[in-house]
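Enquirer: See target_0.cif below, with mmCIF, C-alpha atoms.
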```cif
data_coords
loop_
_atom_site.label_atom_id
_atom_site.label_comp_id
_atom_site.auth_asym_id
_atom_site.auth_seq_id
_atom_site.Cartn_x
_atom_site.Cartn_y
_atom_site.Cartn_z
CA MET A 1 -5.66 32.22 18.12
CA THR A 2 -8.36 33.87 16.01
CA ARG A 3 -7.70 33.83 12.32
CA GLU A 4 -9.26 35.97 9.60
CA ARG A 5 -11.11 33.91 7.05
CA ARG A 6 -9.72 34.34 3.61
CA SER A 7 -12.31 35.22 0.95
CA LEU A 8 -13.68 32.46 -1.21
CA SER A 9 -11.71 31.86 -4.36
CA ARG A 10 -12.04 29.56 -7.33
CA ARG A 11 -9.18 27.51 -8.55
CA ARG A 12 -8.86 26.68 -12.19
CA VAL A 13 -10.26 23.32 -13.19
CA LEU A 14 -7.46 20.81 -13.61
CA LEU A 15 -7.24 19.49 -17.15
CA GLY A 16 -6.51 15.79 -17.41
CA MET A 17 -3.90 14.27 -15.13
CA ALA A 18 -1.73 17.28 -14.25
CA ALA A 19 1.91 16.84 -13.30
CA VAL A 20 2.49 18.12 -9.77
CA GLY A 21 6.07 18.63 -8.64
CA GLY A 22 7.22 15.76 -10.83
CA PHE A 23 4.58 13.32 -9.54
CA LEU A 24 1.65 12.44 -11.81
CA ALA A 25 -1.69 11.82 -10.15
CA VAL A 26 -2.04 8.34 -11.58
CA ASP A 27 -5.62 7.22 -12.17
CA ILE A 28 -5.95 3.46 -12.28
CA GLY A 29 -9.70 3.41 -11.76
CA ALA A 30 -10.26 1.97 -15.23
CA VAL A 31 -7.93 -0.91 -14.45
CA LEU A 32 -9.76 -1.63 -11.22
CA TYR A 33 -13.10 -1.48 -13.02
CA ALA A 34 -11.87 -4.31 -15.21
CA GLY A 35 -10.82 -6.09 -12.02
CA GLY A 36 -14.42 -6.12 -10.87
CA TRP A 37 -14.52 -4.24 -7.57
CA VAL A 38 -16.15 -1.20 -9.12
CA ALA A 39 -18.77 -3.27 -10.88
CA THR A 40 -22.43 -2.67 -10.12
CA GLY A 41 -25.12 -5.27 -9.48
CA GLY A 42 -25.56 -4.73 -5.74
CA ARG A 43 -21.89 -4.60 -4.86
CA LEU A 44 -20.31 -1.67 -3.07
CA THR A 45 -18.71 0.78 -5.49
CA PRO A 46 -16.27 3.71 -5.18
CA GLN A 47 -19.18 6.07 -5.80
CA GLY A 48 -21.00 4.43 -2.89
CA ILE A 49 -18.09 5.32 -0.61
CA ILE A 50 -17.92 8.87 -2.02
CA ASP A 51 -21.67 9.26 -1.46
CA ALA A 52 -21.25 8.10 2.14
CA PHE A 53 -18.57 10.72 2.76
CA ARG A 54 -20.84 13.37 1.23
CA TRP A 55 -23.77 12.27 3.41
CA VAL A 56 -21.67 12.46 6.59
CA ASN A 57 -19.56 15.56 5.85
CA GLY A 58 -21.42 17.53 3.20
CA PRO A 59 -20.05 18.26 -0.31
CA GLN A 60 -16.60 19.62 0.67
CA LEU A 61 -16.14 21.00 -2.82
CA GLY A 62 -12.62 20.90 -4.19
CA PHE A 63 -11.17 18.94 -1.28
CA ARG A 64 -10.30 15.28 -0.74
CA LYS A 65 -13.36 13.37 0.36
CA ASN A 66 -11.34 11.94 3.26
CA HIS A 67 -8.36 13.57 4.97
CA GLY A 68 -9.60 16.87 3.60
CA LYS A 69 -7.62 19.14 5.95
CA GLY A 70 -3.89 19.19 5.37
CA VAL A 71 -0.61 20.82 4.38
CA ALA A 72 1.98 19.90 1.76
CA VAL A 73 5.58 18.97 2.61
CA ALA A 74 8.73 18.07 0.71
CA GLY A 75 12.12 16.55 1.46
CA TYR A 76 14.11 13.42 0.77
CA PHE A 77 14.77 9.85 1.89
CA ASP A 78 18.30 8.60 2.59
CA SER A 79 18.51 4.83 2.19
CA ASN A 80 21.18 2.94 4.12
CA GLY A 81 20.91 -0.03 1.74
CA ALA A 82 19.55 -2.48 4.34
CA GLY A 83 16.18 -2.82 2.59
CA GLN A 84 17.84 -4.40 -0.46
CA GLU A 85 17.96 -7.67 1.44
CA ILE A 86 14.23 -8.11 0.85
CA SER A 87 13.41 -5.78 -2.07
CA THR A 88 14.91 -4.61 -5.36
CA ALA A 89 12.91 -1.34 -5.20
CA ALA A 90 15.01 1.68 -6.14
CA VAL A 91 14.10 3.43 -2.88
CA PHE A 92 16.17 0.89 -0.94
CA ARG A 93 19.37 1.35 -2.94
CA GLN A 94 21.91 3.28 -0.93
CA GLY A 95 21.47 6.95 -1.72
CA ARG A 96 18.93 9.77 -1.73
CA THR A 97 15.40 9.91 -3.21
CA ALA A 98 13.23 13.04 -3.54
CA VAL A 99 9.94 12.96 -1.64
CA GLU A 100 6.72 14.98 -1.72
CA GLY A 101 4.09 14.51 0.93
CA ARG A 102 1.12 15.72 2.89
CA PHE A 103 0.15 15.79 6.56
CA SER A 104 -3.59 15.55 7.13
CA LEU A 105 -6.42 14.77 9.51
CA ALA A 106 -8.90 11.97 8.93
CA SER A 107 -12.47 12.99 8.00
CA GLY A 108 -13.85 14.63 4.92
CA ASN A 109 -14.42 17.89 6.82
CA ALA A 110 -11.66 20.06 5.35
CA HIS A 111 -12.18 22.78 7.98
CA GLN A 112 -12.60 20.67 11.11
CA ALA A 113 -11.05 21.85 14.37
CA ASP A 114 -7.89 20.05 15.49
CA THR A 115 -8.16 17.67 18.47
CA ASP A 116 -5.87 15.17 20.18
CA ALA A 117 -8.18 12.30 19.26
CA VAL A 118 -8.43 12.87 15.52
CA VAL A 119 -6.48 10.42 13.36
CA ARG A 120 -3.36 11.98 11.79
CA GLY A 121 -2.22 11.04 8.31
CA LEU A 122 0.99 11.21 6.29
CA GLY A 123 1.04 10.57 2.55
CA LEU A 124 4.38 10.23 0.76
CA ALA A 125 5.33 10.00 -2.92
CA PHE A 126 8.85 8.87 -3.89
CA GLY A 127 10.10 9.45 -7.44
CA PHE A 128 12.84 7.47 -9.20
CA PRO A 129 14.77 7.83 -12.47
CA GLY A 130 12.84 6.29 -15.34
CA GLY A 131 9.43 7.36 -14.04
CA GLU A 132 8.76 4.70 -11.39
CA GLN A 133 7.10 5.87 -8.19
CA TRP A 134 6.20 4.61 -4.75
CA ARG A 135 3.24 6.12 -2.94
CA THR A 136 1.99 5.37 0.53
CA ALA A 137 -0.82 6.80 2.64
CA MET A 138 -0.33 6.16 6.36
CA VAL A 139 -2.00 6.97 9.68
CA ASN A 140 -0.87 7.15 13.31
CA LEU A 141 -2.83 4.06 14.38
CA PRO A 142 -1.44 0.66 15.47
CA VAL A 143 -4.07 -1.16 13.36
CA PHE A 144 -6.78 -0.12 10.91
CA PRO A 145 -10.36 -0.20 12.25
CA ASP A 146 -11.75 -2.17 9.27
CA ASN A 147 -10.74 -5.19 7.21
CA SER A 148 -13.24 -4.80 4.36
CA PRO A 149 -14.62 -1.94 2.23
CA GLN A 150 -18.14 -2.75 3.47
CA GLY A 151 -16.98 -2.44 7.07
CA PHE A 152 -15.35 0.91 6.28
CA ARG A 153 -18.53 2.21 4.67
CA ASP A 154 -20.72 0.95 7.51
CA ARG A 155 -18.49 2.60 10.12
CA LEU A 156 -18.55 5.85 8.16
CA ILE A 157 -22.35 5.84 8.05
CA ALA A 158 -22.56 5.07 11.79
CA SER A 159 -20.24 8.01 12.55
CA LYS A 160 -22.62 10.70 11.27
CA ALA A 161 -23.23 13.28 13.97
CA VAL A 162 -26.74 13.72 15.33
CA PRO A 163 -27.77 17.43 15.20
CA ALA A 164 -29.04 17.41 18.80
CA THR A 165 -25.71 16.31 20.30
CA GLY A 166 -23.10 16.86 17.61
CA LYS A 167 -21.96 13.27 18.22
CA PRO A 168 -22.73 9.91 16.55
CA ASP A 169 -25.94 8.14 17.52
CA PRO A 170 -24.93 5.65 20.30
CA GLN A 171 -27.49 3.12 19.06
CA ALA A 172 -26.10 3.28 15.51
CA THR A 173 -22.58 2.81 16.89
CA ALA A 174 -23.66 -0.15 19.02
CA ARG A 175 -25.40 -1.81 16.05
CA PHE A 176 -22.33 -1.31 13.88
CA LEU A 177 -19.95 -2.81 16.44
CA ALA A 178 -22.25 -5.78 16.98
CA GLU A 179 -22.22 -6.44 13.23
CA HIS A 180 -18.44 -5.88 12.93
CA PRO A 181 -16.64 -7.61 15.83
CA GLU A 182 -13.33 -7.17 13.97
CA THR A 183 -13.70 -3.39 14.38
CA ALA A 184 -14.66 -3.75 18.05
CA ARG A 185 -11.43 -5.72 18.62
CA ALA A 186 -9.38 -3.22 16.63
CA MET A 187 -10.81 -0.26 18.55
CA LYS A 188 -9.63 -1.77 21.84
CA ILE A 189 -6.10 -1.93 20.43
CA ILE A 190 -6.35 1.63 19.11
CA LYS A 191 -7.68 3.04 22.40
CA ALA A 192 -4.86 1.37 24.34
CA ALA A 193 -2.19 3.04 22.20
CA PRO A 194 -0.86 6.32 23.66
CA THR A 195 -1.47 9.56 21.75
CA THR A 196 1.50 11.84 21.09
CA LYS A 197 1.69 15.61 21.17
CA GLY A 198 1.54 16.24 17.43
CA PHE A 199 2.47 15.26 13.90
CA ALA A 200 6.24 15.50 14.40
CA ASP A 201 6.41 12.87 17.16
CA SER A 202 3.80 10.51 15.69
CA THR A 203 4.63 7.11 14.20
CA PHE A 204 2.89 6.68 10.85
CA ARG A 205 2.06 3.15 9.69
CA GLY A 206 1.03 1.72 6.34
CA LEU A 207 -1.09 -0.97 8.13
CA ASN A 208 -1.83 -2.95 4.95
CA ALA A 209 0.61 -5.75 4.17
CA PHE A 210 2.62 -5.88 0.92
CA TYR A 211 5.08 -8.34 -0.56
CA PHE A 212 8.69 -7.29 -1.03
CA VAL A 213 10.61 -9.16 -3.75
CA ASN A 214 14.40 -9.38 -3.66
CA ALA A 215 16.97 -10.03 -6.41
CA ALA A 216 16.59 -13.79 -5.97
CA GLY A 217 12.81 -13.56 -6.50
CA ALA A 218 11.95 -14.37 -2.88
CA ARG A 219 8.71 -12.76 -1.66
CA THR A 220 8.50 -11.47 1.91
CA PRO A 221 5.36 -10.11 3.60
CA VAL A 222 6.07 -6.64 5.01
CA ARG A 223 4.33 -3.85 6.88
CA TRP A 224 6.14 -0.52 7.12
CA SER A 225 6.15 2.44 9.46
CA PHE A 226 7.91 5.77 9.88
CA ALA A 227 9.09 6.29 13.47
CA PRO A 228 9.99 9.83 14.63
CA LEU A 229 13.56 10.71 15.53
CA ARG A 230 12.46 13.49 17.87
CA THR A 231 11.44 12.90 21.49
CA VAL A 232 7.89 11.59 21.85
CA SER A 233 5.72 13.71 24.17
CA ALA A 234 2.25 13.30 25.65
CA PRO A 235 -0.47 15.71 24.55
CA THR A 236 -0.65 19.04 26.39
CA SER A 237 -3.73 21.01 27.33
CA ALA A 238 -6.21 21.67 24.55
CA SER A 239 -5.99 24.92 22.60
CA SER A 240 -8.79 27.16 21.41
CA ASP A 241 -6.97 27.58 18.09
CA PRO A 242 -8.84 25.39 15.56
CA ASN A 243 -5.55 24.72 13.71
CA TRP A 244 -3.27 24.17 16.69
CA LEU A 245 -1.90 20.80 15.54
CA PHE A 246 -0.89 22.26 12.19
CA ASP A 247 0.36 25.50 13.73
CA ASP A 248 2.67 23.53 16.03
CA LEU A 249 3.94 21.53 13.06
CA ILE A 250 4.66 24.69 11.06
CA ARG A 251 6.59 26.21 13.98
CA GLN A 252 8.62 23.02 14.30
CA PHE A 253 9.59 23.31 10.63
CA HIS A 254 10.79 26.86 11.36
CA GLY A 255 13.29 25.25 13.74
CA GLY A 256 14.73 22.90 11.10
CA PRO A 257 14.02 19.64 9.24
CA LEU A 258 11.91 16.87 10.78
CA ARG A 259 13.03 13.23 10.54
CA TRP A 260 11.61 9.72 10.75
CA ARG A 261 13.18 6.25 10.39
CA LEU A 262 11.65 3.88 7.83
CA LEU A 263 11.09 0.55 9.59
CA LEU A 264 10.22 -2.59 7.64
CA THR A 265 8.48 -5.24 9.77
CA VAL A 266 9.09 -8.70 8.30
CA GLY A 267 6.10 -11.01 8.57
CA ALA A 268 6.25 -14.70 9.40
CA GLU A 269 4.54 -17.48 7.46
CA ASN A 270 1.28 -17.41 9.45
CA ASP A 271 0.99 -13.65 9.94
CA PRO A 272 -2.20 -12.31 8.32
CA VAL A 273 -1.65 -10.31 5.12
CA ASN A 274 -5.37 -9.90 4.44
CA ASP A 275 -6.58 -8.31 7.69
CA ALA A 276 -5.45 -4.78 8.60
CA THR A 277 -7.31 -4.95 11.95
CA THR A 278 -4.94 -7.62 13.28
CA PRO A 279 -1.45 -6.66 14.53
CA TRP A 280 1.58 -8.83 13.87
CA PRO A 281 3.46 -10.06 16.95
CA ALA A 282 5.75 -7.45 18.49
CA GLU A 283 8.76 -9.77 18.27
CA ARG A 284 8.81 -9.78 14.47
CA ARG A 285 12.10 -8.77 12.87
CA VAL A 286 12.39 -5.07 11.93
CA ILE A 287 14.78 -3.66 9.30
CA ASP A 288 15.83 -0.03 9.65
CA ALA A 289 15.94 0.99 5.97
CA GLY A 290 16.94 4.66 6.27
CA THR A 291 15.84 8.16 7.22
CA LEU A 292 13.06 10.39 5.89
CA THR A 293 13.91 14.08 6.17
CA LEU A 294 11.21 16.67 5.54
CA THR A 295 12.63 20.13 4.93
CA GLY A 296 9.72 22.28 3.73
CA ILE A 297 6.06 22.85 4.55
CA PHE A 298 3.60 24.66 2.28
CA THR A 299 0.00 25.80 2.09
CA GLU A 300 -1.82 23.45 -0.26
CA ALA A 301 -1.75 24.88 -3.79
CA ALA A 302 -1.11 23.95 -7.40
CA GLY A 303 2.49 22.86 -7.81
CA ASN A 304 2.84 20.94 -4.53
CA ALA A 305 1.39 17.76 -3.06
CA ARG A 306 -2.15 19.16 -2.92
CA ASP A 307 -3.01 17.29 -6.10
CA VAL A 308 -0.96 14.14 -5.62
CA ASN A 309 -3.14 11.05 -5.43
CA PHE A 310 -1.51 8.89 -2.73
CA ASP A 311 -2.73 5.69 -4.36
CA PRO A 312 -1.45 2.66 -2.38
CA LEU A 313 -1.14 0.60 -5.57
CA VAL A 314 1.36 2.95 -7.23
CA LEU A 315 4.28 0.65 -6.49
CA PRO A 316 7.82 0.31 -7.86
CA SER A 317 9.40 -2.92 -9.04
CA GLY A 318 10.27 -4.91 -5.94
CA ILE A 319 7.02 -4.18 -4.06
CA GLN A 320 3.78 -6.04 -4.81
CA PRO A 321 0.27 -5.85 -3.36
CA SER A 322 -0.87 -8.54 -0.96
CA GLU A 323 -4.27 -10.23 -0.79
CA ASP A 324 -5.55 -7.49 1.54
CA PRO A 325 -9.14 -6.78 0.37
CA LEU A 326 -8.78 -3.07 1.20
CA LEU A 327 -6.06 -2.30 -1.34
CA SER A 328 -7.99 -2.29 -4.62
CA PRO A 329 -10.99 -0.46 -3.12
CA ARG A 330 -8.69 2.17 -1.57
CA SER A 331 -7.06 2.71 -4.96
CA ALA A 332 -10.38 3.02 -6.75
CA VAL A 333 -11.89 5.41 -4.19
CA TYR A 334 -8.75 7.58 -4.21
CA ALA A 335 -9.01 7.83 -8.00
CA ALA A 336 -12.72 8.70 -7.82
CA SER A 337 -12.04 11.37 -5.19
CA TYR A 338 -9.24 12.84 -7.30
CA ARG A 339 -11.36 13.04 -10.44
CA LEU A 340 -14.22 14.65 -8.52
CA ARG A 341 -12.25 17.33 -6.67
CA ALA A 342 -10.30 18.19 -9.82
CA THR A 343 -13.48 19.54 -11.43
CA GLU A 344 -14.93 21.34 -8.40
CA PRO A 345 -14.55 24.95 -7.27
CA THR A 346 -13.06 25.33 -3.82
CA SER A 347 -12.57 27.71 -0.94
CA ALA A 348 -9.19 28.45 0.61
CA PRO A 349 -7.67 25.66 2.72
CA ALA A 350 -8.08 25.89 6.48
CA VAL A 351 -4.32 26.06 7.10
CA ASP A 352 -2.22 28.90 5.67
CA VAL A 353 1.44 28.25 6.45
CA ASP A 354 2.39 31.91 5.93
CA GLU A 355 0.02 33.07 8.68
CA VAL A 356 1.84 31.11 11.39
CA ARG A 357 4.71 32.87 13.15
CA LEU A 358 7.13 31.73 15.81
#
```
Now, as a test, write the supplied structure out as structure tokens.

Expert:
Amino acid sequence: MTRERRSLSRRRVLLGMAAVGGFLAVDIGAVLYAGGWVATGGRLTPQGIIDAFRWVNGPQLGFRKNHGKGVAVAGYFDSNGAGQEISTAAVFRQGRTAVEGRFSLASGNAHQADTDAVVRGLGLAFGFPGGEQWRTAMVNLPVFPDNSPQGFRDRLIASKAVPATGKPDPQATARFLAEHPETARAMKIIKAAPTTKGFADSTFRGLNAFYFVNAAGARTPVRWSFAPLRTVSAPTSASSDPNWLFDDLIRQFHGGPLRWRLLLTVGAENDPVNDATTPWPAERRVIDAGTLTLTGIFTEAAGNARDVNFDPLVLPSGIQPSEDPLLSPRSAVYAASYRLRATEPTSAPAVDVDEVRL
């Protein structure tokens, strides 16, 4: 489907940390600076990651520096109370919690064409009485390709397309994989996982481990995922529509709410909590904690999840970060990306929900 390009427009510069739909875009970069990861002196910094995204994808003014293409969604989570066994977090108390979120595609190219192979993302922000929040940014992969910020940056640099072919340099890719055997192992797991038809039948996983703390003070390592309640289908033939994944999602919302189950995988004593490239054994206990229902989908704009920073360290009481070395860097880079795009002019987003008809 051919779509008329909307004319370039400028959005007003966001002043400070604007409230968006009840969720503040929390900036904890200063805290992480004190923690040391953002320090200089030869160490990788958030700006180094941002610069790598800019080098690979161009400036992408006004958009997220990764997962730039997306749509906003909203709905609620119904807890069945089962999660209270391992966590005192308000989200696991029996009842309903409001949710804002965003579906996206990996890459900083905010106008990339949709493909089966591109990584799909789902960010969610849960709000509770008293101001506490829980935010999570997930992808449809069984494991994450990297277990360190340096590995992530190196993979990003190796992924830059060569003008002659439009694809990454095979020699750069081979060098990267030789230097990062953990990514080579993770990619085998990722390639073996089946791809689904679209966003609505994808399972989205947090991948990083966290500790859940219950009323008795016991800490339990956990990884979470959202598993679709609709039938999972294999991809169909490719479409010439550059937004076909999002168009399909919008049409599915026209047919009614979309739902996922929140599954909490309980880690054992020797399961790694500091390596997102390594899966936990399939036989680990899983707690079904409730149902996520998404009822609305919106073109990204002020007033919805466009400006929510899905910082993985915005956690409620009852959930704590693990020793995973990716968590603090992710938080710092998300904050840097938020601050940068909040001061930039932008063009219209690639996906306009109102242009899609049944």

Enquirer: To one decimal in Å, tell me the separation between atom CA of A:Pro194 and atom CA of A:Ala227.

Expert: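 If I compute the distance from atom CA of A:Pro194 to atom CA of A:Ala227, I get 14.2 Å.
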
Enquirer: Could you check how far atom CA of A:Lys160 sits from atom CA of A:Asn309, in Å to one decimal?

Expert: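 Separation of atom CA of A:Lys160 and atom CA of A:Asn309: 25.7 Å.
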
Enquirer: For A:Gly81, list every protein, DNA or RNA residue within 12 Å, evaluated using all atoms listed in the file, and leave out those in the same chain fewer than 4 positions away; present the list as a VMD selection string.

Expert: chain A and resid 77 85 to 96 262 287 to 291

Enquirer: Which of these residues is nearest to A:Pro272, using all atoms listed in the file: A:His254, A:Arg223, A:Arg259, A:Arg306?

Expert: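 Result for the nearest residue to A:Pro272: A:Arg223.
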
Enquirer: For a test of reading the model, state the distance in Å between atom CA of A:Asn274 and atom CA of A:Ser104, rounded to one decimal.

Expert: 25.7 Å

Enquirer: Nearest to A:Thr195 among A:Val351, A:Ala282, A:Ala234, A:Leu156, with distances taken over only C-alpha atoms: which residue is it?

Expert: A:Ala234

Enquirer: Starting from the shown file, work through the PyMOL selection byres ((chain A and resi 127) around 9) and note down what comes out as a PyMOL selection string.

Expert: chain A and resi 22-23+91+97-100+125-126+128-135

Enquirer: Evaluate the PyMOL selection byres ((chain A and resi 46-49) around 10) here and jot the selected residues down as a ChimeraX atom specification.

Expert: /A:29,33,37-39,43-45,50-55,65,149-150,152-154,156-157,329-337
